[in-house]
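Novice: Data file input-v6.txt (compact mmCIF, C-alpha atoms) is appended below.
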```txt
# COMPACT_ATOMS: atom_id res chain seq x y z
CA MET A 1459 0.00 0.00 0.00
CA SER A 1460 1.43 3.38 -0.99
CA ASP A 1461 2.27 6.10 1.52
CA ALA A 1462 -0.23 8.40 -0.18
CA LEU A 1463 -3.02 5.85 0.22
CA LEU A 1464 -2.14 5.21 3.87
CA SER A 1465 -2.13 8.93 4.57
CA THR A 1466 -5.50 9.37 2.86
CA LEU A 1467 -7.03 6.48 4.80
CA ALA A 1468 -5.74 7.93 8.08
CA GLU A 1469 -7.29 11.29 7.25
CA ALA A 1470 -10.60 9.63 6.37
CA LEU A 1471 -10.57 7.69 9.66
CA ALA A 1472 -9.83 10.83 11.67
CA GLU A 1473 -12.62 12.77 9.98
CA LEU A 1474 -15.10 9.91 10.41
CA VAL A 1475 -14.28 9.44 14.09
CA THR A 1476 -14.59 13.17 14.74
CA GLU A 1477 -17.99 13.30 13.03
CA VAL A 1478 -19.23 10.33 15.04
CA GLU A 1479 -18.01 11.83 18.33
CA THR A 1480 -19.64 15.20 17.68
CA SER A 1481 -22.84 14.12 15.94
CA ALA A 1482 -26.19 15.06 17.46
CA ASP A 1483 -28.36 12.29 18.90
CA GLU A 1484 -30.99 12.79 16.25
CA ILE A 1485 -28.40 12.07 13.55
CA LEU A 1486 -26.62 9.16 15.25
CA ALA A 1487 -27.85 7.53 18.44
CA ARG A 1488 -25.33 7.92 21.26
CA ASP A 1489 -25.31 4.20 22.09
CA THR A 1490 -24.54 3.37 18.47
CA ALA A 1491 -21.73 5.92 18.36
CA VAL A 1492 -20.15 4.61 21.56
CA LYS A 1493 -20.36 1.00 20.37
CA TRP A 1494 -18.77 1.89 17.02
CA LEU A 1495 -15.92 3.78 18.67
CA GLU A 1496 -15.31 1.00 21.22
CA ASN A 1497 -15.18 -1.65 18.49
CA THR A 1498 -12.77 0.45 16.46
CA ALA A 1499 -10.55 0.99 19.51
CA GLN A 1500 -10.53 -2.74 20.24
CA THR A 1501 -9.40 -3.46 16.68
CA LEU A 1502 -6.64 -0.84 16.79
CA ARG A 1503 -5.32 -2.25 20.09
CA THR A 1504 -4.36 -5.43 18.24
CA LEU A 1505 -1.71 -3.52 16.28
CA GLY A 1506 1.90 -3.94 17.31
CA PRO A 1507 3.82 -1.01 18.84
CA ALA A 1508 5.49 -0.04 15.54
CA ASP A 1509 2.17 0.00 13.67
CA ARG A 1510 0.50 1.94 16.47
CA ARG A 1511 3.23 4.58 16.31
CA ALA A 1512 2.98 4.72 12.52
CA LEU A 1513 -0.80 5.20 12.60
CA ASP A 1514 -0.47 7.81 15.34
CA GLY A 1515 1.96 9.73 13.12
CA LEU A 1516 -0.34 9.52 10.08
CA LEU A 1517 -3.35 10.71 12.07
CA ARG A 1518 -1.38 13.64 13.44
CA GLU A 1519 -0.09 14.57 10.01
CA ALA A 1520 -3.64 14.50 8.69
CA ALA A 1521 -4.83 16.73 11.54
CA LEU A 1522 -2.02 19.24 11.03
CA ARG A 1523 -3.05 19.72 7.40
CA HIS A 1524 -6.06 21.59 8.78
CA PRO A 1525 -5.65 25.25 9.79
CA PRO A 1526 -5.27 26.00 13.52
CA GLY A 1527 -8.59 25.96 15.33
CA PRO A 1528 -11.12 23.73 17.09
CA ARG A 1529 -11.42 21.32 14.16
CA ARG A 1530 -7.69 20.60 14.09
CA GLU A 1531 -7.65 20.09 17.87
CA GLU A 1532 -10.54 17.61 17.60
CA LEU A 1533 -8.64 15.67 14.93
CA LEU A 1534 -5.44 15.72 16.99
CA SER A 1535 -7.30 14.07 19.86
CA VAL A 1536 -8.25 11.00 17.77
CA SER A 1537 -4.95 9.17 18.42
CA GLU A 1538 -5.13 9.78 22.14
CA GLY A 1539 -8.78 8.69 22.26
CA PHE A 1540 -7.89 5.35 20.73
CA GLY A 1541 -4.89 4.88 23.03
CA LEU A 1542 -2.42 4.96 20.15
CA THR A 1543 -0.20 7.39 22.03
CA GLU A 1544 0.01 5.20 25.14
CA ALA A 1545 2.90 2.78 24.91
CA PRO A 1546 2.33 -0.67 26.45
CA HIS A 1547 3.97 -1.43 29.79
CA THR A 1548 6.79 -3.55 28.37
CA ALA A 1549 7.63 -0.91 25.77
CA ILE A 1550 7.97 1.73 28.48
CA CYS A 1551 10.25 -0.59 30.46
CA GLU A 1552 12.44 -1.03 27.38
CA ALA A 1553 12.47 2.71 26.71
CA ALA A 1554 13.59 3.36 30.30
CA LEU A 1555 16.39 0.83 29.89
CA GLU A 1556 17.52 2.29 26.56
CA SER A 1557 17.63 5.80 28.03
CA ALA A 1558 19.76 4.52 30.92
CA ARG A 1559 22.14 2.87 28.47
CA ARG A 1560 22.45 6.14 26.57
CA PHE A 1561 23.10 7.97 29.83
CA ALA A 1562 25.84 5.52 30.82
CA ALA A 1563 27.44 5.77 27.37
CA THR A 1564 27.39 9.56 27.58
CA VAL A 1565 29.08 9.86 30.97
CA ARG A 1566 31.45 6.86 30.78
CA PRO A 1567 34.28 8.58 28.86
CA ALA A 1568 33.90 11.90 30.70
CA ASP A 1569 35.67 13.12 33.82
CA PRO A 1570 33.36 12.37 36.80
CA ALA A 1571 34.33 15.75 38.25
CA THR A 1572 32.84 17.63 35.27
CA PRO A 1573 30.34 20.23 36.53
CA VAL A 1574 26.72 19.92 35.43
CA PRO A 1575 25.53 23.46 34.57
CA THR A 1576 21.83 22.58 34.74
CA CYS A 1577 22.20 21.04 38.22
CA PRO A 1578 24.19 23.71 40.10
CA GLY A 1579 26.66 22.24 42.56
CA TRP A 1580 26.58 18.79 41.00
CA THR A 1581 29.27 16.96 39.08
CA LEU A 1582 28.73 14.16 36.57
CA ALA A 1583 29.52 11.74 39.39
CA ASP A 1584 26.71 13.23 41.51
CA LEU A 1585 24.31 13.11 38.58
CA THR A 1586 25.19 9.51 37.71
CA ARG A 1587 24.82 8.36 41.31
CA HIS A 1588 21.44 10.09 41.50
CA VAL A 1589 20.11 8.41 38.33
CA GLY A 1590 21.44 5.04 39.46
CA THR A 1591 19.75 5.53 42.82
CA VAL A 1592 16.41 6.24 41.12
CA HIS A 1593 16.60 2.91 39.27
CA ARG A 1594 17.45 0.91 42.40
CA TRP A 1595 14.84 2.69 44.51
CA ALA A 1596 12.12 2.04 41.90
CA GLU A 1597 13.19 -1.60 41.50
CA HIS A 1598 12.93 -2.12 45.26
CA LEU A 1599 9.41 -0.66 45.38
CA VAL A 1600 8.15 -2.70 42.44
CA ARG A 1601 9.77 -5.94 43.66
CA THR A 1602 8.54 -5.63 47.24
CA GLY A 1603 5.13 -4.11 46.45
CA ALA A 1604 5.67 -1.55 49.21
CA THR A 1605 2.42 0.04 50.41
CA THR A 1606 4.06 2.87 52.37
CA ARG A 1607 6.72 5.39 51.48
CA VAL A 1608 10.26 4.10 51.21
CA LEU A 1609 13.15 6.58 51.15
CA ALA A 1610 16.04 6.04 48.76
CA ARG A 1611 18.47 6.13 51.67
CA ASP A 1612 16.77 3.04 53.09
CA VAL A 1613 17.33 0.99 49.93
CA PRO A 1614 20.57 -1.03 49.48
CA LEU A 1615 22.46 0.77 46.72
CA ASP A 1616 25.80 -1.04 46.70
CA ALA A 1617 27.39 1.96 45.00
CA PRO A 1618 31.09 1.57 44.13
CA ALA A 1619 33.65 3.66 45.97
CA ASP A 1620 35.24 4.91 42.74
CA PRO A 1621 33.02 7.42 40.86
CA ALA A 1622 34.62 6.22 37.61
CA ALA A 1623 32.69 2.97 38.12
CA TYR A 1624 29.35 4.70 38.48
CA PRO A 1625 28.30 4.33 34.79
CA GLY A 1626 28.62 0.53 34.94
CA TRP A 1627 26.84 0.45 38.29
CA LEU A 1628 24.01 2.57 36.86
CA ALA A 1629 23.69 0.34 33.78
CA ALA A 1630 23.49 -2.81 35.92
CA GLY A 1631 20.79 -1.26 38.10
CA ALA A 1632 18.83 -0.21 35.01
CA GLU A 1633 18.91 -3.76 33.67
CA ARG A 1634 17.65 -5.06 37.00
CA PHE A 1635 14.85 -2.50 37.19
CA ALA A 1636 13.69 -3.24 33.63
CA ALA A 1637 13.66 -6.98 34.30
CA THR A 1638 11.69 -6.59 37.54
CA ALA A 1639 9.19 -4.12 36.06
CA ARG A 1640 8.61 -6.24 32.93
CA GLU A 1641 7.62 -9.23 35.05
CA ALA A 1642 5.37 -7.25 37.39
CA ASP A 1643 1.64 -6.73 36.92
CA PRO A 1644 1.32 -3.05 35.88
CA ASP A 1645 -2.00 -2.83 37.73
CA ALA A 1646 -0.60 -4.15 41.01
CA PRO A 1647 -0.88 -1.62 43.86
CA VAL A 1648 2.31 -0.07 45.19
CA TRP A 1649 3.04 3.21 46.96
CA SER A 1650 4.03 6.02 44.66
CA PRO A 1651 4.89 9.68 45.22
CA GLY A 1652 2.37 10.76 42.60
CA ALA A 1653 -1.17 10.33 41.36
CA ASP A 1654 -1.01 6.64 40.40
CA PRO A 1655 -0.18 4.17 43.22
CA HIS A 1656 0.43 1.21 40.91
CA VAL A 1657 3.41 -0.57 39.39
CA ARG A 1658 2.73 1.13 36.03
CA HIS A 1659 3.77 4.45 37.55
CA TYR A 1660 7.40 3.43 37.94
CA PRO A 1661 8.58 2.62 34.40
CA ARG A 1662 7.18 5.98 33.28
CA HIS A 1663 8.69 7.79 36.26
CA VAL A 1664 12.11 6.20 35.70
CA LEU A 1665 11.97 6.83 31.94
CA PHE A 1666 11.14 10.50 32.27
CA GLU A 1667 13.62 11.07 35.10
CA THR A 1668 16.35 9.45 33.01
CA VAL A 1669 15.42 11.39 29.86
CA VAL A 1670 15.70 14.75 31.62
CA HIS A 1671 18.96 13.81 33.34
CA LEU A 1672 20.34 12.48 30.05
CA ALA A 1673 19.87 16.00 28.73
CA ASP A 1674 21.76 17.27 31.80
CA ALA A 1675 24.63 14.91 31.02
CA GLU A 1676 24.69 15.84 27.33
CA LEU A 1677 24.73 19.54 28.15
CA ALA A 1678 27.60 18.98 30.59
CA VAL A 1679 29.66 16.83 28.21
CA ALA A 1680 28.88 18.29 24.80
CA GLY A 1681 27.27 21.64 25.52
CA THR A 1682 24.02 20.67 23.79
CA ALA A 1683 21.22 18.20 24.45
CA GLY A 1684 20.27 15.64 21.84
CA PRO A 1685 16.78 15.57 20.31
CA LEU A 1686 14.00 14.07 22.40
CA ASP A 1687 11.36 11.76 20.94
CA PRO A 1688 8.20 13.93 20.74
CA GLY A 1689 5.93 11.13 21.96
CA THR A 1690 8.11 10.44 24.99
CA ALA A 1691 8.42 14.15 25.73
CA ALA A 1692 4.64 14.63 25.50
CA ASP A 1693 4.06 11.74 27.90
CA ALA A 1694 6.65 13.25 30.23
CA ILE A 1695 4.82 16.59 30.21
CA ASP A 1696 1.57 14.78 31.06
CA HIS A 1697 3.40 12.95 33.84
CA PHE A 1698 4.86 16.17 35.25
CA LEU A 1699 1.54 18.03 35.25
CA GLY A 1700 -0.37 15.03 36.60
CA ASN A 1701 1.98 14.49 39.53
CA ALA A 1702 2.92 18.07 40.42
CA PRO A 1703 -0.03 18.56 42.82
CA TYR A 1704 1.28 15.61 44.88
CA ILE A 1705 4.76 17.09 45.30
CA PRO A 1706 4.78 19.46 48.30
CA ARG A 1707 7.74 21.46 46.97
CA ILE A 1708 5.60 22.35 43.96
CA ALA A 1709 2.08 22.33 45.39
CA GLU A 1710 2.85 24.70 48.26
CA PRO A 1711 4.45 27.51 46.17
CA LEU A 1712 1.63 27.22 43.62
CA ALA A 1713 -0.96 27.54 46.40
CA HIS A 1714 0.51 30.95 47.26
CA LEU A 1715 1.11 32.14 43.71
CA GLY A 1716 -1.83 34.54 43.72
CA ARG A 1717 -2.66 34.06 40.04
CA ASP A 1718 -6.14 32.55 40.33
CA GLY A 1719 -7.95 32.63 37.00
CA ALA A 1720 -4.77 32.85 34.93
CA VAL A 1721 -4.32 30.36 32.09
CA LEU A 1722 -0.98 29.18 30.73
CA ARG A 1723 -0.85 27.43 27.36
CA LEU A 1724 2.01 25.24 26.10
CA SER A 1725 2.00 24.61 22.34
CA ALA A 1726 4.20 22.04 20.60
CA ARG A 1727 5.26 23.16 17.14
CA ASP A 1728 6.39 19.72 15.98
CA THR A 1729 3.25 17.74 16.83
CA GLY A 1730 0.50 20.31 17.30
CA ALA A 1731 -0.12 19.12 20.87
CA VAL A 1732 -1.41 21.73 23.33
CA TRP A 1733 -1.51 21.76 27.13
CA THR A 1734 -3.70 24.24 28.99
CA VAL A 1735 -2.96 24.97 32.65
CA ALA A 1736 -5.59 26.90 34.62
CA LEU A 1737 -4.52 28.30 37.98
CA GLY A 1738 -6.94 28.64 40.87
CA GLY A 1739 -8.34 27.10 44.02
CA GLY A 1740 -4.95 26.84 45.67
CA GLY A 1741 -3.47 24.86 42.79
CA PHE A 1742 -4.16 24.22 39.13
CA THR A 1743 -5.97 22.01 36.66
CA TRP A 1744 -4.69 21.00 33.25
CA SER A 1745 -5.89 19.41 30.06
CA ARG A 1746 -4.69 18.49 26.61
CA GLY A 1747 -6.01 20.93 24.03
CA SER A 1748 -7.09 24.54 24.33
CA GLY A 1749 -10.09 23.75 26.51
CA GLY A 1750 -11.84 26.81 25.10
CA ALA A 1751 -10.07 29.04 27.62
CA GLU A 1752 -8.38 32.22 26.48
CA PRO A 1753 -4.74 31.99 27.60
CA THR A 1754 -3.22 34.64 29.82
CA ALA A 1755 0.19 33.58 28.53
CA GLY A 1756 1.49 31.11 26.01
CA VAL A 1757 4.80 29.55 25.05
CA ALA A 1758 5.55 27.54 21.91
CA ALA A 1759 8.48 25.28 21.00
CA ASP A 1760 9.08 21.66 20.01
CA THR A 1761 7.75 19.10 22.50
CA GLY A 1762 11.14 18.13 23.90
CA GLU A 1763 12.07 21.77 24.37
CA LEU A 1764 8.84 22.40 26.30
CA LEU A 1765 9.65 19.46 28.57
CA LEU A 1766 13.12 20.80 29.30
CA LEU A 1767 11.67 24.27 29.90
CA LEU A 1768 9.24 22.86 32.49
CA HIS A 1769 12.22 21.23 34.20
CA ARG A 1770 14.21 24.49 33.88
CA ARG A 1771 16.93 22.93 31.73
CA TYR A 1772 16.35 25.74 29.26
CA GLY A 1773 15.69 29.31 30.27
CA ALA A 1774 12.48 30.92 29.07
CA ASP A 1775 14.56 33.64 27.35
CA ASP A 1776 16.15 31.06 25.06
CA PRO A 1777 15.36 32.02 21.43
CA ARG A 1778 13.88 28.58 20.75
CA PHE A 1779 10.76 29.69 22.69
CA THR A 1780 8.06 31.98 21.32
CA HIS A 1781 6.00 33.87 23.91
CA THR A 1782 2.56 35.44 23.85
CA GLY A 1783 0.56 37.29 26.48
CA ASP A 1784 1.68 37.92 30.06
CA ARG A 1785 5.26 36.68 30.23
CA ASP A 1786 5.33 37.17 34.01
CA LEU A 1787 2.85 34.31 34.38
CA LEU A 1788 5.26 31.85 32.78
CA ASP A 1789 8.12 33.12 34.96
CA ASP A 1790 5.94 32.80 38.08
CA TRP A 1791 4.96 29.23 37.12
CA LEU A 1792 8.57 28.19 36.49
CA ALA A 1793 9.71 29.69 39.78
CA ALA A 1794 6.94 27.97 41.73
CA THR A 1795 7.47 24.55 40.13
CA ALA A 1796 11.27 24.46 40.42
CA LEU A 1797 12.61 21.37 42.16
```
Give the structure from this file in structure tokens form.
Specialist:
Amino acid sequence: MSDALLSTLAEALAELVTEVETSADEILARDTAVKWLENTAQTLRTLGPADRRALDGLLREAALRHPPGPRREELLSVSEGFGLTEAPHTAICEAALESARRFAATVRPADPATPVPTCPGWTLADLTRHVGTVHRWAEHLVRTGATTRVLARDVPLDAPADPAAYPGWLAAGAERFAATAREADPDAPVWSPGADPHVRHYPRHVLFETVVHLADAELAVAGTAGPLDPGTAADAIDHFLGNAPYIPRIAEPLAHLGRDGAVLRLSARDTGAVWTVALGGGGFTWSRGSGGAEPTAGVAADTGELLLLLHRRYGADDPRFTHTGDRDLLDDWLAATAL
């Protein structure tokens, strides 16, 4: 089947799904619409990861051929609605392992005493030990099924005395975490520091933590961070926004921000994804898409750049970011959510 035909079929599917979802009851009975969409979703779930990613890309390309506006946003939501953007548990475990391998390969030839500009006061040795600790801590929680909080300092780390050996130690811990997480039931309950107290939280948490710290290592070693996969970066932004209210060091400053009613919008140039953050009630709510709210401030960049901005690895004044509206709101948000 030609690429042109595949692209056309994806566009037809996106348009059809959108019409079904938004049709009035007198045109298409709601029960019929729900049944059709559920059957379609069940069929698409049988696709392998590579095919799911390919279809997700085609649907997004089809949506982005439409001009900016509500229609394009509806079409962009089709992939997410069918779960095409959600990687299966084992795939996330593998992605976390691959990111750890890349991290180890990046820091292995470098001087452990190299400063890490994006983590003031840290060296590459400190950064590597931290990432290795995250893997061992998460592995312990998943393996033991802990139901109460466990501090990293209470987990056996077996870290080598020589910082030059940290990359190998990190890689071994990453292999162990991936193996443990792959074998675990993703729906099994386990304590987590965020919104989802289940095993499935940890591969995502470890992946996103490693991805951000890989950028730290690349910036320290080479002066520039490598490109981030847009899908992984988008999931990491979801993860950050979903878990921020559960992190006291973020939730408490946001509660005293004094910007109730303000709306911050993050727009990804490369994928068309949009995140809308509405402040108020001592915290915030967020959603994918514009949500119909008029933004007080907006910032646009590629998805990976937005992720690194949220984690303050890039400054908001960096020319890769385009700003609209009240710039002070973005600065206030970044200051309140700094870890």
Novice: Could you give me, as a list in words, the residues within 12 Å of A:Arg1707, counting all atoms listed in the file and dropping anything in the same chain fewer than 5 positions from it?
Specialist: Asn1701, Ala1702, Leu1712, Ala1713, His1714, Ala1793, Ala1794, Thr1795, Ala1796 and Leu1797 of chain A
Novice: What gap, in Å, lies between atom CA of A:Val1478 and atom CA of A:Arg1530?
Specialist: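 Answer for the atom CA of A:Val1478 to atom CA of A:Arg1530 separation: 15.5 Å.
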Novice: Give me, as a ChimeraX atom specification, all polymer residues having an atom no more than 10 Å from A:Pro1567, counting only C-alpha atoms and skipping those fewer than 6 positions away in the same chain.
Specialist: /A:1622,1625,1679
Novice: What does the distance between atom CA of A:Asp1616 and atom CA of A:Ile1550 come to in Å, to one decimal place?
Specialist: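 Calculated distance between atom CA of A:Asp1616 and atom CA of A:Ile1550 is 25.6 Å.
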Novice: From the list A:Ala1563, A:Leu1792, A:Val1657, A:Ala1558, which residue is nearest A:Glu1633 when using all atoms listed in the file?
Specialist: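 Looking at the shortest contact to A:Glu1633, the residue is A:Ala1558.
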Novice: Taking into account only C-alpha atoms, which residue in the set A:Thr1576, A:Ser1557, A:Thr1743, A:Thr1782 is nearest to A:Leu1672?
Specialist: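 For A:Leu1672, the nearest of the candidates is A:Ser1557.
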Novice: When you draw a straight line from atom CA of A:Thr1466 to atom CA of A:Lys1493, how long is it in Å?
Specialist: 24.4 Å
Novice: Within 12 Å of A:Asp1674, counting all atoms listed in the file, which residues show up once you throw out same-chain ones fewer than 3 positions away? Write them as an NGL selection string, please.
Specialist: :A and (1561 or 1564-1565 or 1572-1578 or 1580-1582 or 1584-1586 or 1589 or 1667-1671 or 1677-1684 or 1766 or 1769-1772)
